[in-house]
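Peer 1: Pasting target_18.txt below, which is compact mmCIF, C-alpha atoms.
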```txt
# COMPACT_ATOMS: atom_id res chain seq x y z
CA MET A 186 -10.60 18.35 -17.58
CA GLY A 187 -7.97 15.66 -17.37
CA GLU A 188 -5.17 18.01 -16.34
CA PHE A 189 -4.08 17.52 -12.76
CA ARG A 190 -2.59 19.78 -10.18
CA ILE A 191 -0.37 18.37 -7.42
CA VAL A 192 -0.13 20.63 -4.41
CA PRO A 193 0.81 20.34 -0.72
CA THR A 194 -1.93 21.12 1.78
CA ASP A 195 -0.24 24.34 2.91
CA ARG A 196 -0.54 25.71 -0.64
CA LEU A 197 -4.32 25.16 -0.88
CA ASP A 198 -6.55 28.17 -0.40
CA GLN A 199 -9.77 28.09 1.61
CA ILE A 200 -11.94 27.85 -1.52
CA GLU A 201 -10.08 24.70 -2.63
CA LEU A 202 -10.32 23.19 0.86
CA ASP A 203 -14.05 23.94 0.90
CA ASP A 204 -14.46 22.37 -2.58
CA ILE A 205 -12.62 19.22 -1.47
CA ARG A 206 -14.78 18.98 1.65
CA ALA A 207 -17.98 19.47 -0.38
CA LEU A 208 -16.89 16.77 -2.85
CA MET A 209 -16.27 14.33 0.01
CA ASP A 210 -19.51 15.23 1.83
CA ASP A 211 -21.55 14.69 -1.35
CA ALA A 212 -19.77 11.49 -2.31
CA PHE A 213 -19.99 9.81 1.08
CA GLN A 214 -23.56 10.98 1.81
CA GLY A 215 -23.23 11.78 5.50
CA ARG A 216 -20.57 9.15 6.27
CA PHE A 217 -17.70 11.66 6.05
CA ASP A 218 -16.86 13.64 9.19
CA ASP A 219 -14.30 16.20 10.35
CA ASN A 220 -11.82 13.46 11.30
CA ASP A 221 -12.08 11.93 7.83
CA PHE A 222 -11.40 15.33 6.28
CA GLU A 223 -8.43 16.01 8.57
CA HIS A 224 -6.92 12.62 7.71
CA GLY A 225 -6.38 13.89 4.16
CA LEU A 226 -4.55 17.07 5.21
CA GLY A 227 -0.85 17.64 5.67
CA GLY A 228 0.45 15.87 2.59
CA TYR A 229 -0.03 16.16 -1.15
CA HIS A 230 -3.28 16.57 -3.08
CA VAL A 231 -3.88 15.45 -6.65
CA MET A 232 -6.80 17.35 -8.15
CA SER A 233 -8.52 18.05 -11.43
CA TYR A 234 -11.00 20.84 -12.08
CA VAL A 235 -13.89 21.85 -14.28
CA ASP A 236 -14.86 25.52 -14.25
CA ALA A 237 -12.58 26.11 -11.22
CA GLN A 238 -14.39 23.41 -9.20
CA VAL A 239 -12.62 20.31 -7.91
CA ILE A 240 -14.03 17.23 -9.67
CA VAL A 241 -11.27 14.73 -8.78
CA HIS A 242 -9.34 14.52 -5.56
CA ALA A 243 -6.89 12.14 -3.91
CA ALA A 244 -4.48 12.84 -1.06
CA VAL A 245 -1.39 11.11 0.27
CA VAL A 246 -0.15 11.86 3.79
CA ALA A 247 2.81 10.62 5.82
CA ARG A 248 2.13 7.91 8.39
CA THR A 249 4.30 5.58 10.39
CA LEU A 250 3.54 1.90 9.95
CA HIS A 251 5.21 -1.08 11.59
CA ILE A 252 5.53 -4.24 9.54
CA GLY A 253 6.52 -6.94 11.95
CA SER A 254 9.20 -5.16 14.01
CA ARG A 255 10.28 -2.79 11.20
CA GLN A 256 9.18 0.87 11.16
CA VAL A 257 8.21 2.18 7.72
CA LYS A 258 7.57 5.71 6.43
CA ALA A 259 4.36 5.24 4.48
CA GLY A 260 2.39 7.41 2.12
CA TYR A 261 -1.19 6.80 3.19
CA VAL A 262 -3.90 7.50 0.62
CA GLU A 263 -7.00 9.39 1.75
CA ASN A 264 -10.06 11.19 0.41
CA VAL A 265 -10.17 9.70 -3.08
CA MET A 266 -13.20 10.71 -5.10
CA VAL A 267 -14.41 11.63 -8.57
CA GLN A 268 -17.63 13.60 -8.87
CA PRO A 269 -20.29 11.10 -10.01
CA GLN A 270 -21.00 12.81 -13.35
CA PHE A 271 -17.29 12.47 -14.27
CA GLN A 272 -16.82 8.85 -13.20
CA GLY A 273 -15.98 6.21 -15.78
CA ARG A 274 -13.64 8.48 -17.75
CA GLY A 275 -10.35 7.28 -16.26
CA LEU A 276 -9.87 10.34 -14.07
CA GLY A 277 -9.68 8.39 -10.81
CA HIS A 278 -7.20 6.00 -12.41
CA ALA A 279 -5.06 8.92 -13.60
CA ALA A 280 -5.15 10.53 -10.14
CA MET A 281 -4.05 7.27 -8.51
CA VAL A 282 -1.17 6.88 -10.98
CA LEU A 283 0.05 10.31 -9.85
CA ILE A 284 -0.45 9.29 -6.21
CA GLY A 285 1.69 6.21 -6.89
CA ASP A 286 4.42 8.45 -8.33
CA LEU A 287 4.33 10.64 -5.20
CA ILE A 288 4.57 7.56 -3.00
CA ALA A 289 7.57 6.24 -4.96
CA LYS A 290 9.30 9.61 -4.70
CA HIS A 291 8.64 10.43 -1.02
CA PHE A 292 7.88 7.22 0.88
CA GLU A 293 9.07 3.66 1.44
CA LEU A 294 5.61 2.19 0.94
CA GLY A 295 2.07 3.18 0.02
CA ALA A 296 -0.94 2.11 2.06
CA LEU A 297 -4.69 2.64 2.07
CA SER A 298 -7.90 1.15 3.36
CA ALA A 299 -10.54 0.10 0.84
CA GLY A 300 -13.62 -2.05 0.46
CA GLU A 301 -13.82 -4.93 -2.01
CA ARG A 302 -15.23 -2.85 -4.87
CA ALA A 303 -12.46 -0.23 -4.63
CA GLN A 304 -9.84 -2.96 -4.18
CA ARG A 305 -10.56 -4.23 -7.69
CA VAL A 306 -9.62 -0.79 -9.06
CA TYR A 307 -6.48 -0.48 -6.93
CA ARG A 308 -5.26 -3.98 -7.83
CA LYS A 309 -5.06 -2.89 -11.48
CA LEU A 310 -2.56 -0.24 -10.35
CA GLY A 311 -0.32 -2.69 -8.51
CA TRP A 312 -1.78 -2.40 -5.01
CA ARG A 313 -1.91 -5.64 -3.01
CA VAL A 314 -4.19 -6.67 -0.14
CA TRP A 315 -2.39 -7.04 3.19
CA LEU A 316 -2.92 -10.64 4.34
CA GLY A 317 -1.56 -10.40 7.88
CA PRO A 318 -3.34 -9.16 11.00
CA THR A 319 -3.86 -5.41 11.48
CA PHE A 320 -3.23 -3.36 14.62
CA VAL A 321 -3.11 0.24 15.81
CA ASP A 322 -0.52 1.77 18.12
CA ALA A 323 -3.22 3.25 20.39
CA PRO A 324 -2.57 5.59 23.35
CA GLY A 325 -2.96 2.64 25.73
CA GLY A 326 -0.73 0.33 23.69
CA ARG A 327 -1.02 -1.85 20.62
CA GLU A 328 -4.60 -2.90 19.85
CA ARG A 329 -5.94 -5.38 17.33
CA THR A 330 -8.07 -3.96 14.48
CA ALA A 331 -9.51 -7.24 13.20
CA ASP A 332 -12.35 -5.45 11.39
CA GLU A 333 -9.70 -3.97 9.05
CA ASP A 334 -8.17 -7.34 8.13
CA GLY A 335 -8.43 -7.79 4.37
CA GLY A 336 -9.18 -4.09 3.86
CA VAL A 337 -5.66 -2.67 3.99
CA MET A 338 -3.73 -2.48 0.72
CA VAL A 339 -0.10 -1.65 0.05
CA LEU A 340 1.98 -0.45 -2.86
CA GLY A 341 5.59 -1.45 -2.47
CA PRO A 342 8.38 -3.86 -3.17
CA PRO A 343 7.36 -7.27 -4.54
CA ASP A 344 9.37 -9.10 -1.85
CA LEU A 345 7.33 -7.57 0.99
CA ASP A 346 5.91 -10.27 3.29
CA LEU A 347 2.18 -9.49 3.21
CA THR A 348 1.45 -12.00 6.00
CA GLU A 349 3.30 -10.17 8.77
CA PRO A 350 1.39 -8.11 11.33
CA ILE A 351 0.97 -4.47 10.28
CA THR A 352 0.42 -1.65 12.77
CA CYS A 353 -0.60 1.93 12.01
CA ASP A 354 0.00 5.00 14.12
CA TRP A 355 -2.88 6.38 16.21
CA ARG A 356 -5.25 9.08 14.99
CA ARG A 357 -8.75 10.22 15.89
CA GLY A 358 -11.64 8.66 13.99
CA ASP A 359 -10.98 5.71 11.71
CA VAL A 360 -7.43 4.62 12.54
CA TRP A 361 -6.96 2.91 9.18
```
Is it possible to express this structure as structure tokens?

Peer 2:
Amino acid sequence: MGEFRIVPTDRLDQIELDDIRALMDDAFQGRFDDNDFEHGLGGYHVMSYVDAQVIVHAAVVARTLHIGSRQVKAGYVENVMVQPQFQGRGLGHAAMVLIGDLIAKHFELGALSAGERAQRVYRKLGWRVWLGPTFVDAPGGRERTADEDGGVMVLGPPDLDLTEPITCDWRRGDVW
């Protein structure tokens, strides 16, 4: 426990994928669907194990964001969870430090969506709440996502204007 493995999705076997899905299903108690699971695929996974079972997971996937009129290649964080019996030991923090390293290496900016409780944790790691209005580049055009205002966080350069409009690319399910 405490040792992490970083692996791209295409290197995960079906047992690992099933373990990640089970961890998310248990953690989110019926509020985690196929779209949520798919959102965490296609990038990098940071995982820790006990007895060959995934106990910590966080993923970062590539997304296109627009900040004002500028297009940004973002590492978007998904499917972060520590099995309840292992929480409070710093494992989630350690996983997110590794996620931050992946973002710095592969992307211009990190982004995620989080509630107030989780935001307190992410702030300690340098994440900042986006203050500007949120949008999605939907199939029918740009749409406002006002319910996400105050819930999007970014990890990036200190001179970033957090009050500009931010727009995410379209995806099924929760767009942010």

Peer 1: Find the residues near range 304-307 of chain A: any atom within 10 Å, counting only C-alpha atoms, skip ones fewer than 6 places away on the same chain, and give them as a PyMOL selection string.

Peer 2: chain A and resi 277-278+281-282+297-298+313-314+335-340

Peer 1: CA of Val239 in chain A and CA of Asp204 in chain A, how far apart in Å?

Peer 2: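 These two atoms are separated by 6.0 Å.
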
Peer 1: Between A:Cys353, A:Arg308, A:Asp344, A:Tyr234, which has the minimum distance to Arg329 in chain A (counting all atoms listed in the file)?

Peer 2: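 Using all atoms listed in the file, Arg329 in chain A sits closest to A:Cys353.
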
Peer 1: Just need the box for range 257-263 of chain A, edges along x, y and z, holding every atom the file lists for it with 3 Å tacked onto each side, so centre and edge lengths in Å to one decimal, as AutoDock Vina command-line options.

Peer 2:
```
--center_x 0.6 --center_y 5.8 --center_z 4.2 --size_x 21.2 --size_y 13.2 --size_z 13.1
```

Peer 1: Rank nothing, just name the residue among A:Arg206, A:Arg248, A:His224, A:Arg196 nearest to Ile288 in chain A, using all atoms listed in the file.

Peer 2: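 The shortest atom-to-atom distance to Ile288 in chain A comes from A:Arg248.
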
Peer 1: Could you name the residues that touch Ala247 in chain A at 12 Å or less, counting only C-alpha atoms, but leaving out those on the same chain fewer than 6 positions away, as a ChimeraX atom specification?

Peer 2: /A:193,224-229,257-263,287-288,291-297,353-354

Peer 1: Excluding same-chain residues fewer than 2 positions from Ile191 in chain A, what lies within 12 Å of it counting all atoms listed in the file, as number ranges by chain?

Peer 2: A: 188-189, 193-197, 228-234, 241-245, 280-281, 283-284, 286-287

Peer 1: Go through A:Ala207, A:Ala299, A:Ile240, A:Leu250 and flag the residue nearest Asp322 in chain A, using all atoms listed in the file for the distances.

Peer 2: A:Leu250

Peer 1: Tell me, in Å to one decimal, how far CA of Gln238 in chain A is from CA of Gln199 in chain A.

Peer 2: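 CA of Gln199 in chain A lies at a distance of 12.7 Å from CA of Gln238 in chain A.
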
Peer 1: Quote the spacing between CA of Arg190 in chain A and CA of Asp218 in chain A in Å to one decimal place.

Peer 2: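 Those two atoms sit 24.8 Å apart.
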
Peer 1: May I ask which of the residues A:Val246, A:Leu316, A:Val267, A:Leu202 is the closest one to Leu345 in chain A, counting all atoms listed in the file?

Peer 2: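 Using all atoms listed in the file, Leu345 in chain A sits closest to A:Leu316.
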
Peer 1: With distances taken over only C-alpha atoms, which residue among A:Gly300, A:Gly275, A:Gly358, A:Pro350 lies nearest Trp315 in chain A?

Peer 2: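 Of the candidates, the smallest distance to Trp315 in chain A is held by A:Pro350.
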
Peer 1: Measuring between all atoms listed in the file, which one of A:Asn264, A:Thr319, A:Gln272, A:Thr330 shows the shortest distance to Asp219 in chain A?

Peer 2: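 Nearest candidate to Asp219 in chain A out of A:Asn264, A:Thr319, A:Gln272, A:Thr330: A:Asn264.
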